[in-house]
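Chemist: Data file coords_19.cif (mmCIF, C-alpha atoms and all ligand atoms; chains and numbers go by the auth columns) is appended below.
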```cif
data_run
#
loop_
_atom_site.group_PDB
_atom_site.id
_atom_site.type_symbol
_atom_site.label_atom_id
_atom_site.label_comp_id
_atom_site.label_asym_id
_atom_site.label_seq_id
_atom_site.Cartn_x
_atom_site.Cartn_y
_atom_site.Cartn_z
_atom_site.B_iso_or_equiv
_atom_site.auth_seq_id
_atom_site.auth_asym_id
ATOM 1 C CA MET A 1 78.083 53.048 166.848 0.00 211 A
ATOM 2 C CA LYS A 2 80.839 51.677 164.660 0.00 212 A
ATOM 3 C CA HIS A 3 79.847 49.071 162.087 0.00 213 A
ATOM 4 C CA PRO A 4 82.016 46.110 161.128 0.00 214 A
ATOM 5 C CA PRO A 5 83.940 46.745 157.863 0.00 215 A
ATOM 6 C CA GLU A 6 81.627 44.712 155.623 0.00 216 A
ATOM 7 C CA ILE A 7 78.671 46.828 156.735 0.00 217 A
ATOM 8 C CA GLU A 8 80.633 50.058 156.698 0.00 218 A
ATOM 9 C CA SER A 9 81.390 49.443 153.034 0.00 219 A
ATOM 10 C CA LEU A 10 77.652 49.490 152.347 0.00 220 A
ATOM 11 C CA ASN A 11 77.223 52.967 153.759 0.00 221 A
ATOM 12 C CA PRO A 12 74.951 54.530 151.114 0.00 222 A
ATOM 13 C CA LEU A 13 76.885 57.805 151.292 0.00 223 A
ATOM 14 C CA ASN A 14 80.054 55.981 150.250 0.00 224 A
ATOM 15 C CA LEU A 15 78.215 54.373 147.362 0.00 225 A
ATOM 16 C CA ILE A 16 76.812 57.711 146.218 0.00 226 A
ATOM 17 C CA LEU A 17 80.352 59.054 146.314 0.00 227 A
ATOM 18 C CA GLU A 18 81.538 56.106 144.211 0.00 228 A
ATOM 19 C CA GLU A 19 78.756 56.770 141.726 0.00 229 A
ATOM 20 C CA HIS A 20 79.931 60.366 141.508 0.00 230 A
ATOM 21 C CA ASP A 21 83.411 59.063 140.651 0.00 231 A
ATOM 22 C CA ARG A 22 81.868 57.080 137.825 0.00 232 A
ATOM 23 C CA GLN A 23 79.925 60.135 136.700 0.00 233 A
ATOM 24 C CA GLN A 24 83.146 62.146 136.599 0.00 234 A
ATOM 25 C CA VAL A 25 84.494 59.527 134.207 0.00 235 A
ATOM 26 C CA MET A 26 81.249 59.734 132.236 0.00 236 A
ATOM 27 C CA CYS A 27 81.793 63.510 131.881 0.00 237 A
ATOM 28 C CA ASP A 28 85.380 62.917 130.731 0.00 238 A
ATOM 29 C CA ARG A 29 84.127 60.434 128.126 0.00 239 A
ATOM 30 C CA LEU A 30 81.497 62.922 126.933 0.00 240 A
ATOM 31 C CA GLU A 31 84.244 65.499 126.551 0.00 241 A
ATOM 32 C CA GLU A 32 86.287 63.029 124.499 0.00 242 A
ATOM 33 C CA ILE A 33 83.277 62.441 122.259 0.00 243 A
ATOM 34 C CA ALA A 34 82.801 66.206 121.842 0.00 244 A
ATOM 35 C CA ASP A 35 86.496 66.598 120.998 0.00 245 A
ATOM 36 C CA GLY A 36 86.284 63.736 118.489 0.00 246 A
ATOM 37 C CA LEU A 37 83.371 65.142 116.496 0.00 247 A
ATOM 38 C CA PRO A 38 82.595 64.863 113.666 0.00 248 A
ATOM 39 C CA ASP A 39 84.712 61.947 112.438 0.00 249 A
ATOM 40 C CA SER A 40 86.821 60.587 115.302 0.00 250 A
ATOM 41 C CA VAL A 41 84.252 59.354 117.776 0.00 251 A
ATOM 42 C CA ASP A 42 84.637 55.939 119.361 0.00 252 A
ATOM 43 C CA LEU A 43 81.240 54.459 118.482 0.00 253 A
ATOM 44 C CA GLU A 44 81.325 51.826 121.208 0.00 254 A
ATOM 45 C CA LYS A 45 82.033 54.530 123.754 0.00 255 A
ATOM 46 C CA ALA A 46 79.114 56.577 122.429 0.00 256 A
ATOM 47 C CA ARG A 47 76.796 53.582 122.773 0.00 257 A
ATOM 48 C CA HIS A 48 78.017 52.852 126.291 0.00 258 A
ATOM 49 C CA ILE A 49 77.635 56.443 127.454 0.00 259 A
ATOM 50 C CA ALA A 50 74.108 56.543 126.017 0.00 260 A
ATOM 51 C CA GLU A 51 73.253 53.544 128.215 0.00 261 A
ATOM 52 C CA ILE A 52 74.657 55.226 131.285 0.00 262 A
ATOM 53 C CA LEU A 53 72.682 58.386 130.608 0.00 263 A
ATOM 54 C CA LYS A 54 69.547 56.350 130.009 0.00 264 A
ATOM 55 C CA PHE A 55 69.664 54.039 133.019 0.00 265 A
ATOM 56 C CA GLU A 56 72.235 55.052 135.614 0.00 266 A
ATOM 57 C CA LEU A 57 71.682 58.763 135.684 0.00 267 A
ATOM 58 C CA PRO A 58 67.924 58.728 136.457 0.00 268 A
ATOM 59 C CA GLN A 59 68.405 55.951 139.012 0.00 269 A
ATOM 60 C CA HIS A 60 71.067 57.959 140.783 0.00 270 A
ATOM 61 C CA HIS A 61 68.806 61.016 140.824 0.00 271 A
ATOM 62 C CA ARG A 62 65.852 59.077 142.263 0.00 272 A
ATOM 63 C CA ILE A 63 68.045 57.747 145.068 0.00 273 A
ATOM 64 C CA GLU A 64 69.114 61.251 145.981 0.00 274 A
ATOM 65 C CA GLU A 65 65.619 62.731 145.642 0.00 275 A
ATOM 66 C CA LYS A 66 63.663 59.995 147.373 0.00 276 A
ATOM 67 C CA ALA A 67 66.137 58.721 149.918 0.00 277 A
ATOM 68 C CA LEU A 68 68.945 61.105 150.668 0.00 278 A
ATOM 69 C CA PHE A 69 67.540 64.622 150.307 0.00 279 A
ATOM 70 C CA PRO A 70 64.329 64.172 152.363 0.00 280 A
ATOM 71 C CA VAL A 71 66.223 62.515 155.179 0.00 281 A
ATOM 72 C CA LEU A 72 68.917 65.155 155.063 0.00 282 A
ATOM 73 C CA MET A 73 66.285 67.890 155.242 0.00 283 A
ATOM 74 C CA LYS A 74 64.833 66.242 158.303 0.00 284 A
ATOM 75 C CA TYR A 75 68.139 66.261 160.149 0.00 285 A
ATOM 76 C CA ALA A 76 69.703 69.485 158.854 0.00 286 A
ATOM 77 C CA VAL A 77 69.563 72.485 161.165 0.00 287 A
ATOM 78 C CA LYS A 78 68.543 75.965 160.082 0.00 288 A
ATOM 79 C CA GLU A 79 72.113 77.220 159.856 0.00 289 A
ATOM 80 C CA ASP A 80 72.937 74.505 157.289 0.00 290 A
ATOM 81 C CA ASN A 81 70.793 76.337 154.702 0.00 291 A
ATOM 82 C CA ALA A 82 70.212 72.986 153.086 0.00 292 A
ATOM 83 C CA GLY A 83 66.732 73.756 151.717 0.00 293 A
ATOM 84 C CA GLU A 84 67.819 76.157 149.030 0.00 294 A
ATOM 85 C CA ILE A 85 70.665 73.956 147.806 0.00 295 A
ATOM 86 C CA VAL A 86 68.578 70.779 147.809 0.00 296 A
ATOM 87 C CA SER A 87 65.813 72.441 145.809 0.00 297 A
ATOM 88 C CA ARG A 88 68.364 73.716 143.309 0.00 298 A
ATOM 89 C CA LEU A 89 69.874 70.250 142.968 0.00 299 A
ATOM 90 C CA ASN A 90 66.392 68.778 142.441 0.00 300 A
ATOM 91 C CA GLU A 91 65.753 71.318 139.686 0.00 301 A
ATOM 92 C CA GLU A 92 69.079 70.484 138.078 0.00 302 A
ATOM 93 C CA HIS A 93 68.105 66.806 137.981 0.00 303 A
ATOM 94 C CA VAL A 94 65.044 67.688 135.909 0.00 304 A
ATOM 95 C CA VAL A 95 67.026 69.874 133.522 0.00 305 A
ATOM 96 C CA ASP A 96 69.904 67.383 133.211 0.00 306 A
ATOM 97 C CA GLU A 97 67.592 64.451 132.491 0.00 307 A
ATOM 98 C CA SER A 98 65.816 66.467 129.859 0.00 308 A
ATOM 99 C CA SER A 99 69.150 67.384 128.223 0.00 309 A
ATOM 100 C CA ALA A 100 70.300 63.777 128.568 0.00 310 A
ATOM 101 C CA GLU A 101 67.277 62.589 126.547 0.00 311 A
ATOM 102 C CA GLU A 102 68.431 64.633 123.572 0.00 312 A
ATOM 103 C CA LEU A 103 72.016 63.453 124.002 0.00 313 A
ATOM 104 C CA ILE A 104 70.956 59.800 124.216 0.00 314 A
ATOM 105 C CA GLU A 105 69.110 60.053 120.919 0.00 315 A
ATOM 106 C CA LEU A 106 72.096 61.584 119.150 0.00 316 A
ATOM 107 C CA LEU A 107 74.654 59.272 120.790 0.00 317 A
ATOM 108 C CA GLU A 108 72.636 56.233 119.729 0.00 318 A
ATOM 109 C CA TYR A 109 72.364 57.637 116.233 0.00 319 A
ATOM 110 C CA LEU A 110 76.141 58.093 116.132 0.00 320 A
ATOM 111 C CA ALA A 111 76.715 54.627 117.587 0.00 321 A
ATOM 112 C CA ARG A 112 74.745 53.121 114.700 0.00 322 A
ATOM 113 C CA GLY A 113 77.337 54.638 112.390 0.00 323 A
ATOM 114 C CA TYR A 114 75.345 57.562 111.021 0.00 324 A
ATOM 115 C CA SER A 115 76.839 61.041 110.600 0.00 325 A
ATOM 116 C CA LEU A 116 75.190 63.929 112.348 0.00 326 A
ATOM 117 C CA GLU A 117 73.900 66.789 110.260 0.00 327 A
ATOM 118 C CA ASN A 118 74.975 69.349 112.780 0.00 328 A
ATOM 119 C CA ALA A 119 77.989 68.042 114.670 0.00 329 A
ATOM 120 C CA ASN A 120 78.859 71.526 115.945 0.00 330 A
ATOM 121 C CA MET A 121 75.524 71.841 117.665 0.00 331 A
ATOM 122 C CA PHE A 122 75.904 68.381 119.195 0.00 332 A
ATOM 123 C CA GLY A 123 79.360 69.317 120.498 0.00 333 A
ATOM 124 C CA TYR A 124 77.874 72.446 122.025 0.00 334 A
ATOM 125 C CA MET A 125 75.120 70.410 123.702 0.00 335 A
ATOM 126 C CA LEU A 126 77.621 67.870 125.028 0.00 336 A
ATOM 127 C CA ARG A 127 79.825 70.585 126.493 0.00 337 A
ATOM 128 C CA GLY A 128 76.881 72.332 128.122 0.00 338 A
ATOM 129 C CA PHE A 129 75.830 69.067 129.706 0.00 339 A
ATOM 130 C CA PHE A 130 79.124 67.833 131.107 0.00 340 A
ATOM 131 C CA GLU A 131 80.180 71.265 132.353 0.00 341 A
ATOM 132 C CA ASN A 132 76.917 71.629 134.276 0.00 342 A
ATOM 133 C CA TYR A 133 77.079 68.081 135.519 0.00 343 A
ATOM 134 C CA ARG A 134 80.617 68.455 136.838 0.00 344 A
ATOM 135 C CA ARG A 135 79.408 71.449 138.847 0.00 345 A
ATOM 136 C CA HIS A 136 76.457 69.426 140.120 0.00 346 A
ATOM 137 C CA ILE A 137 78.738 66.644 141.362 0.00 347 A
ATOM 138 C CA LEU A 138 81.027 69.201 142.972 0.00 348 A
ATOM 139 C CA TRP A 139 78.149 70.671 144.957 0.00 349 A
ATOM 140 C CA GLU A 140 76.999 67.286 146.140 0.00 350 A
ATOM 141 C CA ASN A 141 80.474 66.100 147.065 0.00 351 A
ATOM 142 C CA SER A 142 81.517 69.295 148.768 0.00 352 A
ATOM 143 C CA PHE A 143 78.276 70.215 150.511 0.00 353 A
ATOM 144 C CA ILE A 144 75.594 67.511 150.555 0.00 354 A
ATOM 145 C CA LEU A 145 77.631 64.428 151.415 0.00 355 A
ATOM 146 C CA PRO A 146 79.749 66.103 154.119 0.00 356 A
ATOM 147 C CA LEU A 147 76.564 67.553 155.641 0.00 357 A
ATOM 148 C CA ALA A 148 74.893 64.139 155.544 0.00 358 A
ATOM 149 C CA ARG A 149 77.894 62.597 157.292 0.00 359 A
ATOM 150 C CA ARG A 150 77.669 65.262 159.992 0.00 360 A
ATOM 151 C CA ARG A 151 73.928 65.206 160.524 0.00 361 A
ATOM 152 C CA LEU A 152 72.535 61.747 159.812 0.00 362 A
ATOM 153 C CA PRO A 153 72.616 59.268 162.657 0.00 363 A
ATOM 154 C CA GLU A 154 75.268 56.731 161.739 0.00 364 A
ATOM 155 C CA GLU A 155 73.141 53.676 162.467 0.00 365 A
ATOM 156 C CA GLY A 156 70.341 55.181 160.365 0.00 366 A
ATOM 157 C CA LEU A 157 72.434 54.767 157.260 0.00 367 A
ATOM 158 C CA ARG A 158 71.827 51.072 157.463 0.00 368 A
ATOM 159 C CA THR A 159 68.425 50.775 159.013 0.00 369 A
ATOM 160 C CA ASP A 160 65.710 53.109 160.196 0.00 370 A
ATOM 161 C CA ILE A 161 66.574 56.705 159.626 0.00 371 A
ATOM 162 C CA THR A 162 63.629 58.015 161.579 0.00 372 A
ATOM 163 C CA ASP A 163 61.121 56.669 164.018 0.00 373 A
ATOM 164 C CA ASP A 164 58.337 58.691 162.441 0.00 374 A
ATOM 165 C CA ARG A 165 56.097 55.895 161.152 0.00 375 A
ATOM 166 C CA THR A 166 54.655 57.969 158.367 0.00 376 A
ATOM 167 C CA ALA A 167 58.056 58.621 156.861 0.00 377 A
ATOM 168 C CA ARG A 168 60.106 55.695 157.975 0.00 378 A
ATOM 169 C CA LEU A 169 62.693 54.972 155.419 0.00 379 A
ATOM 170 C CA ASN A 170 65.183 52.202 155.098 0.00 380 A
ATOM 171 C CA ILE A 171 68.069 52.684 152.771 0.00 381 A
ATOM 172 C CA VAL A 172 69.693 49.434 151.886 0.00 382 A
ATOM 173 C CA ALA A 173 72.725 49.784 149.753 0.00 383 A
ATOM 174 C CA GLU A 174 73.742 46.939 147.549 0.00 384 A
ATOM 175 C CA LYS A 175 76.968 46.843 145.663 0.00 385 A
ATOM 176 C CA ARG A 176 77.091 44.647 142.598 0.00 386 A
ATOM 177 C CA GLU A 177 80.485 43.925 141.260 0.00 387 A
ATOM 178 C CA CYS A 178 81.610 42.559 137.964 0.00 388 A
ATOM 179 C CA LEU A 179 82.072 38.821 138.189 0.00 389 A
ATOM 180 C CA GLN A 180 85.137 38.957 136.013 0.00 390 A
ATOM 181 C CA CYS A 181 87.130 41.710 137.649 0.00 391 A
ATOM 182 C CA SER A 182 85.366 42.114 141.020 0.00 392 A
ATOM 183 C CA GLY A 183 84.808 45.763 140.236 0.00 393 A
ATOM 184 C CA LYS A 184 88.514 46.574 140.222 0.00 394 A
ATOM 185 C CA GLU A 185 88.294 47.820 136.674 0.00 395 A
ATOM 186 C CA LEU A 186 85.096 49.772 137.048 0.00 396 A
ATOM 187 C CA LEU A 187 86.647 52.952 135.783 0.00 397 A
ATOM 188 C CA SER A 188 88.356 51.311 132.864 0.00 398 A
ATOM 189 C CA TRP A 189 85.064 50.795 131.033 0.00 399 A
ATOM 190 C CA GLY A 190 86.142 47.299 130.177 0.00 400 A
ATOM 191 C CA LYS A 191 83.516 45.472 128.191 0.00 401 A
ATOM 192 C CA HIS A 192 82.798 42.998 130.921 0.00 402 A
ATOM 193 C CA CYS A 193 82.083 45.813 133.394 0.00 403 A
ATOM 194 C CA LYS A 194 79.507 47.676 131.410 0.00 404 A
ATOM 195 C CA GLN A 195 76.477 46.149 133.097 0.00 405 A
ATOM 196 C CA THR A 196 77.874 46.043 136.594 0.00 406 A
ATOM 197 C CA LEU A 197 76.868 49.134 138.408 0.00 407 A
ATOM 198 C CA PHE A 198 76.191 50.064 141.960 0.00 408 A
ATOM 199 C CA THR A 199 72.568 49.798 142.802 0.00 409 A
ATOM 200 C CA PHE A 200 70.542 50.744 145.800 0.00 410 A
ATOM 201 C CA ASN A 201 67.385 49.200 147.082 0.00 411 A
ATOM 202 C CA MET A 202 65.101 51.547 148.856 0.00 412 A
ATOM 203 C CA GLN A 203 62.283 50.337 151.025 0.00 413 A
ATOM 204 C CA ILE A 204 59.748 52.753 152.313 0.00 414 A
ATOM 205 C CA ASN A 205 57.827 51.404 155.261 0.00 415 A
ATOM 206 C CA CYS A 206 54.848 53.417 156.352 0.00 416 A
HETATM 207 FE FE FE B . 72.275 64.988 142.150 0.00 501 A
HETATM 208 FE FE FE B . 74.637 62.848 142.689 0.00 502 A
#
```
I'd like the structure from this file rewritten - as structure tokens, please.

Modeler:
Amino acid sequence: MKHPPEIESLNPLNLILEEHDRQQVMCDRLEEIADGLPDSVDLEKARHIAEILKFELPQHHRIEEKALFPVLMKYAVKEDNAGEIVSRLNEEHVVDESSAEELIELLEYLARGYSLENANMFGYMLRGFFENYRRHILWENSFILPLARRRLPEEGLRTDITDDRTARLNIVAEKRECLQCSGKELLSWGKHCKQTLFTFNMQINC
């Protein structure tokens, strides 16, 4: 079944892909911060990235863990070997959020104008994080999302994914755009865009 364009644009898989684009930019910004240490860091950028790590990253992970991965596992066939990759991605979420907590603390410290005692160590932590996270995005974009597009019933991406009452899941994707630029400048990190992120509403009906 083909959806009209306005519904097609709310396909949660497309929104996850768009979030990954934003996360790629986040990794680039983290690299710029690492390159700028100890004295040439854009403090506003550090503050903004700390917010993204604090709020956007966990939200994105919960969407994948609670909505996408379980549904994908239900529809994947044995030959897809999805189980091993999904469990590795779940583990990476835990590790990345734990690393992000340390980064947030130090980024906020920097953003308040303080100097770090050990900028080299912070640079090392930043590089470890964004290099791992780029790999994580690559796996999801090259394996998980294409598999989901192949296996999930198209109409299920808007409404009921399964008719199993005990696990019925609705994924409703909601795109919030910046009122000033209509989202066109999302990747420019313009000041007016900083609070305007893609969000998903998940409803679990049992
Ligand atoms: Fe993920
Ligand atoms: Fe992701």

Chemist: Starting from the displayed file, determine the output of the PyMOL selection byres (((not hetatm)) within 12 of (chain A and resi 502)) and express the residue list as a count of residues only.

Modeler: 45

Chemist: Under the rule that all atoms listed in the file are counted, which of A:Glu327, A:Glu307, A:Glu312, A:Glu242 is the nearest residue to ligand FE 501 (chain A)?

Modeler: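 Ranked by minimum distance to ligand FE 501 (chain A), first place goes to A:Glu307.
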
Chemist: For the atom pair atom CA of Ser297 of chain A and atom CA of Arg359 of chain A, what is the interatomic distance in Å to one decimal place?

Modeler: 19.4 Å

Chemist: Could you tell me how far atom CA of Leu263 of chain A lies from atom CA of Asn342 of chain A, in Å and to one decimal?

Modeler: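 Between atom CA of Leu263 of chain A and atom CA of Asn342 of chain A the gap works out to 14.4 Å.
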
Chemist: Could you tell me which residues the PyMOL selection byres (((chain A and resi 258) around 10) and not hetatm) returns for this structure, as number ranges by chain?

Modeler: A: 236, 239, 253-257, 259-264, 317-318, 321, 399, 401, 404-405

Chemist: Please measure the separation of atom CA of Tyr285 of chain A and atom CA of Pro363 of chain A, giving the value in Å to one decimal.

Modeler: 8.7 Å

Chemist: Can you tell me, as lines of an AutoDock Vina configuration file, the centre and edge lengths (Å, one decimal) of the axis-aligned box enclosing all of segment 236-252 of chain A's listed atoms after padding each side by 3 Å?

Modeler:
```
center_x = 84.0
center_y = 61.3
center_z = 122.3
size_x = 11.6
size_y = 16.7
size_z = 25.8
```

Chemist: Out of A:Val304, A:Leu313, A:Val235, A:Leu357, which residue has the shortest atom-to-atom distance to ligand FE 501 (chain A) when counting all atoms listed in the file?

Modeler: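 Of all the options, A:Val304 lies closest to ligand FE 501 (chain A).
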
Chemist: Using only C-alpha atoms and all ligand atoms, which of A:Val305, A:Leu320, A:Leu336, A:Ala244 sits nearest ligand FE 501 (chain A)?

Modeler: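 Of A:Val305, A:Leu320, A:Leu336, A:Ala244, the one nearest ligand FE 501 (chain A) is A:Val305, counting only C-alpha atoms and all ligand atoms.
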
Chemist: May I ask which of the residues A:Arg337, A:Tyr324, A:Ile295, A:Ala329 is the closest one to ligand FE 501 (chain A), counting only C-alpha atoms and all ligand atoms?

Modeler: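 So, comparing all the options, the nearest one is A:Ile295.
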
Chemist: With distances taken over all atoms listed in the file, which of A:Glu301, A:Cys237, A:Gly246, A:Ala292 is nearest to Asn330 of chain A?

Modeler: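 Once distances to Asn330 of chain A are computed over all atoms listed in the file, the minimum belongs to A:Gly246.
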
Chemist: Using all atoms listed in the file, pick whichever of A:Arg322, A:Arg298, A:Ile314, A:Asp290 has the shortest atom-to-atom distance to ligand FE 501 (chain A).

Modeler: A:Arg298

Chemist: Which residues, written as a list in words, have at least one atom at most 12 Å from Tyr334 of chain A, with all atoms listed in the file counted and residues fewer than 5 positions away on the same chain left out?

Modeler: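 These residues fall inside the cut-off: Leu240, Glu241, Ile243, Ala244, Asp245, Leu247, Ser309, Leu313, Asn328, Ala329, Phe339, Phe340 and Glu341 of chain A.
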